[in-house]
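> protein20.pdb is reproduced below (PDB, C-alpha atoms).
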ATOM      1  CA  MET C   1    -116.140 -65.577  32.314
ATOM      2  CA  GLU C   2    -119.421 -63.858  33.165
ATOM      3  CA  LEU C   3    -117.576 -61.418  35.422
ATOM      4  CA  PHE C   4    -115.132 -60.602  32.629
ATOM      5  CA  LEU C   5    -117.957 -60.019  30.141
ATOM      6  CA  SER C   6    -119.758 -57.843  32.675
ATOM      7  CA  LYS C   7    -116.688 -55.685  33.197
ATOM      8  CA  LEU C   8    -116.083 -55.525  29.454
ATOM      9  CA  SER C   9    -119.649 -54.319  28.958
ATOM     10  CA  THR C  10    -119.193 -51.717  31.705
ATOM     11  CA  PHE C  11    -115.995 -50.520  30.053
ATOM     12  CA  GLY C  12    -117.718 -50.221  26.669
ATOM     13  CA  ASN C  13    -120.610 -48.245  28.142
ATOM     14  CA  ALA C  14    -118.246 -45.891  29.974
ATOM     15  CA  LEU C  15    -115.863 -45.388  27.026
ATOM     16  CA  PRO C  16    -117.741 -42.460  25.357
ATOM     17  CA  GLY C  17    -117.781 -40.612  28.689
ATOM     18  CA  ASP C  18    -114.093 -41.283  29.269
ATOM     19  CA  ILE C  19    -113.230 -40.031  25.782
ATOM     20  CA  THR C  20    -115.309 -36.882  26.336
ATOM     21  CA  GLN C  21    -113.651 -36.260  29.698
ATOM     22  CA  GLY C  22    -110.267 -36.845  28.091
ATOM     23  CA  LEU C  23    -111.006 -34.241  25.422
ATOM     24  CA  ILE C  24    -112.176 -31.724  28.039
ATOM     25  CA  TRP C  25    -109.080 -32.285  30.139
ATOM     26  CA  GLY C  26    -107.102 -32.261  26.896
ATOM     27  CA  VAL C  27    -107.850 -28.522  26.645
ATOM     28  CA  LEU C  28    -106.268 -28.121  30.086
ATOM     29  CA  ALA C  29    -103.366 -30.371  29.082
ATOM     30  CA  ILE C  30    -102.657 -28.172  26.048
ATOM     31  CA  GLY C  31    -102.523 -25.190  28.409
ATOM     32  CA  VAL C  32    -100.059 -27.065  30.628
ATOM     33  CA  PHE C  33     -98.040 -28.034  27.525
ATOM     34  CA  ILE C  34     -97.651 -24.360  26.597
ATOM     35  CA  THR C  35     -96.088 -23.411  29.926
ATOM     36  CA  TYR C  36     -94.286 -26.659  30.749
ATOM     37  CA  LYS C  37     -92.882 -27.608  27.345
ATOM     38  CA  ILE C  38     -92.758 -24.371  25.347
ATOM     39  CA  LEU C  39     -91.961 -21.738  27.989
ATOM     40  CA  ASP C  40     -90.245 -24.103  30.455
ATOM     41  CA  PHE C  41     -92.273 -22.541  33.288
ATOM     42  CA  ALA C  42     -93.634 -24.681  36.125
ATOM     43  CA  ASP C  43     -97.062 -23.076  36.550
ATOM     44  CA  LEU C  44     -99.204 -24.331  39.442
ATOM     45  CA  THR C  45    -101.957 -21.768  38.856
ATOM     46  CA  VAL C  46    -103.809 -24.518  36.969
ATOM     47  CA  ASP C  47    -105.402 -25.992  40.107
ATOM     48  CA  GLY C  48    -107.073 -22.661  40.804
ATOM     49  CA  SER C  49    -107.876 -21.393  37.313
ATOM     50  CA  LEU C  50    -109.759 -24.611  36.434
ATOM     51  CA  GLY C  51    -112.211 -24.087  39.293
ATOM     52  CA  LEU C  52    -112.379 -20.361  38.551
ATOM     53  CA  GLY C  53    -113.414 -20.993  34.952
ATOM     54  CA  GLY C  54    -115.987 -23.531  36.106
ATOM     55  CA  VAL C  55    -117.659 -21.340  38.704
ATOM     56  CA  VAL C  56    -117.664 -18.243  36.481
ATOM     57  CA  ALA C  57    -119.379 -20.177  33.686
ATOM     58  CA  VAL C  58    -121.967 -21.789  35.995
ATOM     59  CA  VAL C  59    -122.860 -18.575  37.831
ATOM     60  CA  LEU C  60    -123.254 -16.672  34.565
ATOM     61  CA  ILE C  61    -125.302 -19.419  32.891
ATOM     62  CA  THR C  62    -127.661 -19.740  35.880
ATOM     63  CA  ASN C  63    -128.142 -15.970  35.820
ATOM     64  CA  GLY C  64    -129.315 -15.920  32.226
ATOM     65  CA  VAL C  65    -126.097 -15.232  30.331
ATOM     66  CA  PRO C  66    -125.903 -17.151  27.009
ATOM     67  CA  VAL C  67    -123.684 -20.221  27.282
ATOM     68  CA  PRO C  68    -121.134 -19.174  24.591
ATOM     69  CA  LEU C  69    -120.685 -15.765  26.241
ATOM     70  CA  ALA C  70    -120.377 -17.363  29.693
ATOM     71  CA  MET C  71    -117.659 -19.669  28.369
ATOM     72  CA  PHE C  72    -115.802 -16.766  26.801
ATOM     73  CA  ILE C  73    -115.902 -14.855  30.096
ATOM     74  CA  ALA C  74    -114.637 -17.998  31.855
ATOM     75  CA  PHE C  75    -111.748 -18.012  29.377
ATOM     76  CA  LEU C  76    -111.029 -14.353  30.253
ATOM     77  CA  ALA C  77    -111.182 -15.181  33.977
ATOM     78  CA  GLY C  78    -108.516 -17.828  33.423
ATOM     79  CA  CYS C  79    -106.470 -15.272  31.474
ATOM     80  CA  ALA C  80    -106.711 -12.899  34.449
ATOM     81  CA  ALA C  81    -105.456 -15.630  36.787
ATOM     82  CA  GLY C  82    -102.498 -16.271  34.483
ATOM     83  CA  PHE C  83    -101.743 -12.557  34.370
ATOM     84  CA  VAL C  84    -101.599 -12.375  38.174
ATOM     85  CA  THR C  85     -99.084 -15.244  38.272
ATOM     86  CA  ALA C  86     -97.044 -13.604  35.506
ATOM     87  CA  PHE C  87     -97.120 -10.271  37.379
ATOM     88  CA  PHE C  88     -95.811 -11.903  40.553
ATOM     89  CA  ASN C  89     -93.008 -13.510  38.569
ATOM     90  CA  THR C  90     -91.952 -10.757  36.142
ATOM     91  CA  ALA C  91     -92.712  -7.579  38.087
ATOM     92  CA  LEU C  92     -92.089  -8.695  41.673
ATOM     93  CA  GLY C  93     -89.359 -11.275  41.035
ATOM     94  CA  ILE C  94     -91.170 -14.101  42.826
ATOM     95  CA  PRO C  95     -90.074 -17.552  41.556
ATOM     96  CA  GLY C  96     -92.434 -19.177  39.073
ATOM     97  CA  ILE C  97     -93.537 -22.094  41.246
ATOM     98  CA  LEU C  98     -94.241 -19.857  44.233
ATOM     99  CA  SER C  99     -96.085 -17.350  42.024
ATOM    100  CA  GLY C 100     -98.434 -20.087  40.859
ATOM    101  CA  ILE C 101     -98.995 -21.326  44.406
ATOM    102  CA  LEU C 102     -99.866 -17.823  45.624
ATOM    103  CA  THR C 103    -102.372 -17.272  42.810
ATOM    104  CA  GLN C 104    -103.852 -20.739  43.279
ATOM    105  CA  LEU C 105    -104.317 -20.055  46.994
ATOM    106  CA  ALA C 106    -105.971 -16.698  46.344
ATOM    107  CA  LEU C 107    -108.338 -18.194  43.753
ATOM    108  CA  TYR C 108    -109.870 -20.450  46.419
ATOM    109  CA  SER C 109    -111.224 -17.346  48.149
ATOM    110  CA  VAL C 110    -112.169 -15.754  44.826
ATOM    111  CA  TYR C 111    -114.265 -18.822  44.025
ATOM    112  CA  LEU C 112    -116.180 -18.496  47.304
ATOM    113  CA  ASP C 113    -116.641 -14.760  46.763
ATOM    114  CA  ILE C 114    -118.155 -15.390  43.324
ATOM    115  CA  ASN C 115    -120.480 -18.218  44.327
ATOM    116  CA  GLY C 116    -120.931 -17.761  48.064
ATOM    117  CA  LYS C 117    -120.706 -21.524  48.670
ATOM    118  CA  ALA C 118    -118.500 -24.476  47.758
ATOM    119  CA  ASN C 119    -120.782 -25.991  45.111
ATOM    120  CA  ALA C 120    -122.531 -24.425  42.110
ATOM    121  CA  PRO C 121    -124.987 -26.761  40.308
ATOM    122  CA  VAL C 122    -126.207 -26.327  36.739
ATOM    123  CA  SER C 123    -128.730 -28.604  35.033
ATOM    124  CA  VAL C 124    -128.972 -29.500  31.372
ATOM    125  CA  ASP C 125    -132.747 -29.675  31.877
ATOM    126  CA  LYS C 126    -132.926 -25.926  32.511
ATOM    127  CA  TYR C 127    -130.067 -24.556  30.394
ATOM    128  CA  PRO C 128    -128.775 -25.313  26.867
ATOM    129  CA  LEU C 129    -125.390 -26.613  27.985
ATOM    130  CA  VAL C 130    -122.732 -27.411  25.411
ATOM    131  CA  LEU C 131    -121.867 -30.739  27.053
ATOM    132  CA  SER C 132    -123.461 -33.057  29.590
ATOM    133  CA  SER C 133    -122.449 -36.433  30.963
ATOM    134  CA  ARG C 134    -126.097 -37.453  30.758
ATOM    135  CA  PHE C 135    -125.806 -37.828  26.979
ATOM    136  CA  VAL C 136    -122.911 -40.293  27.071
ATOM    137  CA  THR C 137    -124.239 -42.750  29.628
ATOM    138  CA  ALA C 138    -125.505 -46.233  28.791
ATOM    139  CA  GLY C 139    -128.926 -46.320  27.156
ATOM    140  CA  ASN C 140    -128.651 -43.022  25.319
ATOM    141  CA  ALA C 141    -129.170 -42.761  21.582
ATOM    142  CA  SER C 142    -126.013 -43.096  19.534
ATOM    143  CA  ALA C 143    -126.758 -39.685  17.969
ATOM    144  CA  ASP C 144    -126.535 -38.008  21.411
ATOM    145  CA  ILE C 145    -123.276 -39.803  22.177
ATOM    146  CA  ILE C 146    -121.727 -38.861  18.829
ATOM    147  CA  LYS C 147    -122.884 -35.252  19.225
ATOM    148  CA  THR C 148    -121.377 -34.942  22.721
ATOM    149  CA  VAL C 149    -118.040 -36.527  21.825
ATOM    150  CA  GLY C 150    -117.968 -34.602  18.539
ATOM    151  CA  THR C 151    -118.599 -31.271  20.287
ATOM    152  CA  ALA C 152    -115.681 -31.840  22.670
ATOM    153  CA  LEU C 153    -113.511 -32.905  19.722
ATOM    154  CA  ILE C 154    -114.390 -29.747  17.775
ATOM    155  CA  PHE C 155    -113.235 -27.592  20.694
ATOM    156  CA  VAL C 156    -109.895 -29.417  20.827
ATOM    157  CA  VAL C 157    -109.341 -29.283  17.049
ATOM    158  CA  CYS C 158    -110.135 -25.554  16.886
ATOM    159  CA  ILE C 159    -107.798 -24.791  19.793
ATOM    160  CA  ILE C 160    -104.972 -26.806  18.218
ATOM    161  CA  ALA C 161    -105.486 -25.032  14.871
ATOM    162  CA  VAL C 162    -105.407 -21.556  16.465
ATOM    163  CA  LEU C 163    -102.333 -22.356  18.560
ATOM    164  CA  TYR C 164    -100.536 -23.889  15.577
ATOM    165  CA  TRP C 165    -101.129 -20.657  13.653
ATOM    166  CA  PHE C 166    -100.167 -18.417  16.582
ATOM    167  CA  PHE C 167     -96.913 -20.175  17.447
ATOM    168  CA  GLY C 168     -95.956 -20.020  13.781
ATOM    169  CA  THR C 169     -96.127 -16.214  13.837
ATOM    170  CA  GLU C 170     -93.159 -14.011  14.677
ATOM    171  CA  TYR C 171     -94.399 -13.412  18.206
ATOM    172  CA  GLY C 172     -95.148 -17.098  18.721
ATOM    173  CA  MET C 173     -91.601 -17.929  17.649
ATOM    174  CA  ALA C 174     -90.348 -15.341  20.161
ATOM    175  CA  ILE C 175     -92.209 -17.206  22.913
ATOM    176  CA  ARG C 176     -90.670 -20.496  21.816
ATOM    177  CA  ALA C 177     -87.232 -18.877  21.747
ATOM    178  CA  THR C 178     -87.783 -17.574  25.286
ATOM    179  CA  GLY C 179     -88.481 -21.091  26.474
ATOM    180  CA  CYS C 180     -85.432 -22.514  24.679
ATOM    181  CA  ASN C 181     -82.926 -19.929  25.906
ATOM    182  CA  SER C 182     -84.078 -16.899  27.855
ATOM    183  CA  ASN C 183     -80.664 -15.196  28.007
ATOM    184  CA  LEU C 184     -80.020 -15.534  24.284
ATOM    185  CA  SER C 185     -83.548 -14.272  23.581
ATOM    186  CA  LYS C 186     -82.833 -11.157  25.632
ATOM    187  CA  ALA C 187     -79.626 -10.627  23.679
ATOM    188  CA  GLU C 188     -81.650 -10.837  20.461
ATOM    189  CA  GLY C 189     -83.931  -8.062  21.680
ATOM    190  CA  ILE C 190     -86.928 -10.186  22.755
ATOM    191  CA  ASN C 191     -88.833  -8.850  25.740
ATOM    192  CA  THR C 192     -88.875 -12.086  27.727
ATOM    193  CA  LYS C 193     -91.031 -10.631  30.494
ATOM    194  CA  ARG C 194     -93.734  -9.797  27.984
ATOM    195  CA  THR C 195     -93.575 -13.208  26.312
ATOM    196  CA  THR C 196     -93.836 -14.851  29.742
ATOM    197  CA  ILE C 197     -96.933 -12.803  30.545
ATOM    198  CA  VAL C 198     -98.598 -13.596  27.210
ATOM    199  CA  THR C 199     -97.861 -17.314  27.527
ATOM    200  CA  LEU C 200     -99.229 -17.599  31.060
ATOM    201  CA  VAL C 201    -102.325 -15.630  30.068
ATOM    202  CA  ILE C 202    -103.029 -17.923  27.093
ATOM    203  CA  SER C 203    -102.300 -21.077  29.088
ATOM    204  CA  ASN C 204    -104.587 -20.258  31.987
ATOM    205  CA  GLY C 205    -107.239 -18.948  29.627
ATOM    206  CA  LEU C 206    -107.383 -22.433  28.111
ATOM    207  CA  VAL C 207    -107.525 -23.940  31.600
ATOM    208  CA  GLY C 208    -110.433 -21.627  32.463
ATOM    209  CA  LEU C 209    -112.215 -22.724  29.286
ATOM    210  CA  SER C 210    -111.582 -26.349  30.228
ATOM    211  CA  GLY C 211    -113.133 -25.630  33.641
ATOM    212  CA  ALA C 212    -116.217 -24.165  31.968
ATOM    213  CA  LEU C 213    -116.596 -27.277  29.801
ATOM    214  CA  LEU C 214    -115.980 -29.622  32.728
ATOM    215  CA  ALA C 215    -118.536 -27.870  34.958
ATOM    216  CA  GLN C 216    -121.190 -28.206  32.257
ATOM    217  CA  TYR C 217    -120.257 -31.829  31.613
ATOM    218  CA  GLN C 218    -120.488 -32.911  35.254
ATOM    219  CA  GLY C 219    -123.415 -30.581  36.078
ATOM    220  CA  PHE C 220    -121.717 -28.499  38.758
ATOM    221  CA  ALA C 221    -118.667 -26.477  39.687
ATOM    222  CA  ASP C 222    -116.935 -27.224  42.954
ATOM    223  CA  VAL C 223    -114.332 -25.310  44.914
ATOM    224  CA  ASN C 224    -112.126 -28.427  44.925
ATOM    225  CA  MET C 225    -112.651 -29.430  41.276
ATOM    226  CA  GLY C 226    -109.182 -28.196  40.373
ATOM    227  CA  ARG C 227    -107.347 -30.039  43.116
ATOM    228  CA  GLY C 228    -104.699 -32.212  41.470
ATOM    229  CA  ALA C 229    -105.474 -30.795  38.015
ATOM    230  CA  ILE C 230    -101.811 -30.027  37.373
ATOM    231  CA  VAL C 231    -100.964 -33.696  37.954
ATOM    232  CA  ILE C 232    -103.544 -34.845  35.393
ATOM    233  CA  GLY C 233    -102.346 -32.170  32.978
ATOM    234  CA  LEU C 234     -98.721 -33.227  33.363
ATOM    235  CA  ALA C 235     -99.668 -36.891  33.026
ATOM    236  CA  SER C 236    -101.479 -36.115  29.760
ATOM    237  CA  VAL C 237     -98.548 -34.116  28.399
ATOM    238  CA  ILE C 238     -95.967 -36.720  29.327
ATOM    239  CA  ILE C 239     -98.011 -39.659  28.025
ATOM    240  CA  GLY C 240     -98.577 -37.780  24.770
ATOM    241  CA  MET C 241     -94.911 -36.856  24.374
ATOM    242  CA  VAL C 242     -93.654 -40.392  25.028
ATOM    243  CA  LEU C 243     -96.174 -41.971  22.646
ATOM    244  CA  GLY C 244     -95.591 -39.325  19.978
ATOM    245  CA  GLU C 245     -91.840 -39.818  20.020
ATOM    246  CA  VAL C 246     -92.253 -43.594  19.820
ATOM    247  CA  ILE C 247     -94.810 -43.529  16.993
ATOM    248  CA  LEU C 248     -93.758 -40.536  14.862
ATOM    249  CA  ARG C 249     -90.046 -40.232  15.777
ATOM    250  CA  LYS C 250     -88.514 -37.617  13.448
ATOM    251  CA  HIS C 251     -91.940 -36.516  12.193
ATOM    252  CA  PHE C 252     -93.061 -35.506  15.692
ATOM    253  CA  ASN C 253     -93.596 -31.833  14.852
ATOM    254  CA  PHE C 254     -95.349 -29.048  16.765
ATOM    255  CA  ILE C 255     -98.915 -29.775  15.656
ATOM    256  CA  ALA C 256     -98.363 -33.451  16.422
ATOM    257  CA  LYS C 257     -97.227 -32.522  19.939
ATOM    258  CA  LEU C 258    -100.417 -30.543  20.530
ATOM    259  CA  SER C 259    -102.516 -33.398  19.149
ATOM    260  CA  PHE C 260    -100.751 -36.095  21.172
ATOM    261  CA  THR C 261    -101.139 -33.982  24.311
ATOM    262  CA  SER C 262    -104.929 -34.175  24.012
ATOM    263  CA  LEU C 263    -104.632 -37.854  23.070
ATOM    264  CA  GLY C 264    -102.595 -38.372  26.235
ATOM    265  CA  ALA C 265    -105.522 -37.049  28.281
ATOM    266  CA  ILE C 266    -107.891 -39.516  26.616
ATOM    267  CA  ILE C 267    -105.485 -42.405  27.250
ATOM    268  CA  TYR C 268    -105.136 -41.321  30.876
ATOM    269  CA  PHE C 269    -108.886 -41.542  31.522
ATOM    270  CA  VAL C 270    -109.269 -44.795  29.585
ATOM    271  CA  VAL C 271    -106.416 -46.398  31.548
ATOM    272  CA  LEU C 272    -107.882 -45.025  34.781
ATOM    273  CA  ARG C 273    -111.207 -46.671  33.911
ATOM    274  CA  ILE C 274    -109.473 -50.000  33.254
ATOM    275  CA  VAL C 275    -107.609 -49.844  36.550
ATOM    276  CA  MET C 276    -110.815 -48.992  38.416
ATOM    277  CA  LEU C 277    -112.565 -51.964  36.812
ATOM    278  CA  ILE C 278    -109.707 -54.166  37.955
ATOM    279  CA  GLY C 279    -110.365 -53.097  41.521
ATOM    280  CA  LEU C 280    -108.698 -49.751  42.294
ATOM    281  CA  SER C 281    -110.731 -47.656  44.724
ATOM    282  CA  THR C 282    -111.776 -44.178  43.594
ATOM    283  CA  ASP C 283    -110.034 -42.894  46.728
ATOM    284  CA  ASN C 284    -106.716 -43.886  45.122
ATOM    285  CA  THR C 285    -107.110 -42.019  41.818
ATOM    286  CA  LYS C 286    -104.749 -39.229  42.901
ATOM    287  CA  LEU C 287    -102.153 -41.820  43.889
ATOM    288  CA  PHE C 288    -102.562 -43.481  40.498
ATOM    289  CA  SER C 289    -102.126 -40.096  38.770
ATOM    290  CA  ALA C 290     -98.911 -39.455  40.670
ATOM    291  CA  VAL C 291     -97.572 -42.903  39.787
ATOM    292  CA  ILE C 292     -98.385 -42.383  36.080
ATOM    293  CA  VAL C 293     -96.565 -39.038  36.036
ATOM    294  CA  ALA C 294     -93.547 -40.525  37.815
ATOM    295  CA  VAL C 295     -93.367 -43.487  35.421
ATOM    296  CA  PHE C 296     -93.665 -41.455  32.234
ATOM    297  CA  LEU C 297     -91.244 -38.810  33.537
ATOM    298  CA  ALA C 298     -88.731 -41.561  34.234
ATOM    299  CA  VAL C 299     -89.043 -43.186  30.792
ATOM    300  CA  PRO C 300     -87.122 -40.513  28.799
ATOM    301  CA  TYR C 301     -84.417 -40.375  31.481
ATOM    302  CA  LEU C 302     -84.008 -44.153  31.558
ATOM    303  CA  GLN C 303     -83.880 -44.226  27.753
ATOM    304  CA  LYS C 304     -81.055 -41.692  27.756
ATOM    305  CA  GLN C 305     -79.237 -43.623  30.464
ATOM    306  CA  SER C 306     -79.503 -46.887  28.520
ATOM    307  CA  ARG C 307     -78.301 -45.222  25.311
ATOM    308  CA  ALA C 308     -75.384 -43.681  27.178
ATOM    309  CA  SER C 309     -74.453 -47.025  28.726
ATOM    310  CA  PHE C 310     -74.600 -48.737  25.321
ATOM    311  CA  ALA C 311     -72.452 -45.980  23.840
ATOM    312  CA  LYS C 312     -69.900 -46.340  26.649
ATOM    313  CA  ALA C 313     -69.861 -50.125  26.226
ATOM    314  CA  GLY C 314     -69.306 -49.740  22.484
ATOM    315  CA  LYS C 315     -66.501 -47.260  23.055
ATOM    316  CA  ARG C 316     -64.812 -49.568  25.553
ATOM    317  CA  SER C 317     -65.016 -52.524  23.159
ATOM    318  CA  GLU C 318     -63.479 -50.418  20.384
ATOM    319  CA  GLU C 319     -60.668 -49.329  22.723
ATOM    320  CA  SER C 320     -60.009 -52.904  23.796
ATOM    321  CA  LEU C 321     -59.913 -54.065  20.179
ATOM    322  CA  GLY C 322     -57.532 -51.230  19.343
ATOM    323  CA  ALA C 323     -55.277 -52.137  22.252
ATOM    324  CA  GLY C 324     -55.308 -55.791  21.132
ATOM    325  CA  LYS C 325     -54.219 -54.853  17.625
ATOM    326  CA  GLU C 326     -51.392 -52.703  18.948
ATOM    327  CA  SER C 327     -50.109 -55.536  21.122
ATOM    328  CA  VAL C 328     -50.146 -57.881  18.127
TER     329      VAL C 328
END
Render the structure in this file as structure tokens.


Amino acid sequence: MELFLSKLSTFGNALPGDITQGLIWGVLAIGVFITYKILDFADLTVDGSLGLGGVVAVVLITNGVPVPLAMFIAFLAGCAAGFVTAFFNTALGIPGILSGILTQLALYSVYLDINGKANAPVSVDKYPLVLSSRFVTAGNASADIIKTVGTALIFVVCIIAVLYWFFGTEYGMAIRATGCNSNLSKAEGINTKRTTIVTLVISNGLVGLSGALLAQYQGFADVNMGRGAIVIGLASVIIGMVLGEVILRKHFNFIAKLSFTSLGAIIYFVVLRIVMLIGLSTDNTKLFSAVIVAVFLAVPYLQKQSRASFAKAGKRSEESLGAGKESV
């Protein structure tokens, strides 16, 4: 009983930090949602653009650049990474997955060129950082915890609001049409290459911004901080989509999808915390992420299979009843 209460207390103390991390990664997850769900483009640039945004923000902040400006430049750095991937794909004809891998690989060297070493520390004691994990640890004042979680939440809400407006415009609808049916979009006069470029730029810009927030939160940027980021992003998107469809059903509209994507990131980190408290080693977090993605990817498919089997069974029973009536 004492062990259970101890773990419950540990979970409660860690919850604000997990929620904050979930919101930060939720920005990345929204970027992944844009390419994966809207454009139907498997973009693996994410693993590189997250670290790029982090190191750009840290290097600029430690060199005296105001934090908001450093974060904006980190966003632009992510946009540049997305543009490179889009250029490989649209101008050179390289498949989308391979384009992302090439950019991701190149960004590893770009990171080292910017920073000169694998790790770039930044301290909340010296710089007015937007977020810091120090403020959401046990023993901190509730005002600091609320401020930190609230700041991360404001970023997510503002991003969702801007994207909801943008994808409701004529050009945003053109991007959504490109993802639904590229050939039909071309026939309707939509420049699908341009919409692909714009989407990848926006997506990786958000990932770069997420990297800037994450680097401030954890107090450093690292060359490997983006490793496996696409898996966490996909897990967040898939968890959000499955939960949204279950809870909202027919009312699961576009803004709800964006919101549930960020919620999926929070759930991911909360569940990860629970599993770690149960006894999972931190060395197995990537394995756990892969398992989560596999499970939630399989759920929609298994649902369709079960519905199809029920439909076939119903059809067979109707046919057998009809045959019985004819024989009578």

> To verify the selection step, state as number ranges by chain which residues the PyMOL selection byres ((chain C and resi 270) around 10) yields on this input.

C: 11, 14-19, 21-22, 264-269, 271-276

> May I have the protein, DNA and RNA residues with an atom at most 9 Å from (-118.3, -31.9, 31.5), counting only C-alpha atoms in the file's coordinates, returned as a ChimeraX atom specification?

/C:20-21,24,130-133,210-220

> In Å, rounded to a single decimal, give me how far atom CA of C:Ala294 is from atom CA of C:Thr10.

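About the pair atom CA of C:Thr10 and atom CA of C:Ala294: they are 28.6 Å apart.
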
> Do you know which residues the PyMOL selection byres ((chain C and resi 86) around 10) returns on this file, as JSON, numbers by chain?

{"C": [43, 80, 81, 82, 83, 84, 85, 87, 88, 89, 90, 91, 92, 93, 94, 96, 99, 100, 103, 193, 194, 195, 196, 197, 198, 199, 200, 201]}

> Pick out the closest residue to C:Ser203 from this set: C:Ser6, C:Thr62, C:Asn13, C:Ser49. Count all atoms listed in the file.

C:Ser49

> Excluding same-chain residues fewer than 4 positions from stretch 235-243 of chain C, what lies within 7 Å of it counting only C-alpha atoms, as JSON, numbers by chain?

{"C": [29, 33, 231, 247, 257, 260, 261, 262, 263, 264, 265, 268, 292, 293, 296, 297]}

> Which residues come within 7 Å of C:Gly208, counting all atoms listed in the file, excluding same-chain residues fewer than 4 positions away, as a tab-separated table (two decimals) with C-alpha atoms, in the frame of the given file?


chain	number	residue	atom	x	y	z
C	49	SER	CA	-107.88	-21.39	37.31
C	50	LEU	CA	-109.76	-24.61	36.43
C	52	LEU	CA	-112.38	-20.36	38.55
C	53	GLY	CA	-113.41	-20.99	34.95
C	54	GLY	CA	-115.99	-23.53	36.11
C	74	ALA	CA	-114.64	-18.00	31.86
C	75	PHE	CA	-111.75	-18.01	29.38
C	77	ALA	CA	-111.18	-15.18	33.98
C	78	GLY	CA	-108.52	-17.83	33.42
C	204	ASN	CA	-104.59	-20.26	31.99
C	212	ALA	CA	-116.22	-24.16	31.97

> List the residues selected by the PyMOL selection byres ((chain C and resi 121) around 7) in the file shown, writing them as a PyMOL selection string.

chain C and resi 119-120+122-123+219-221
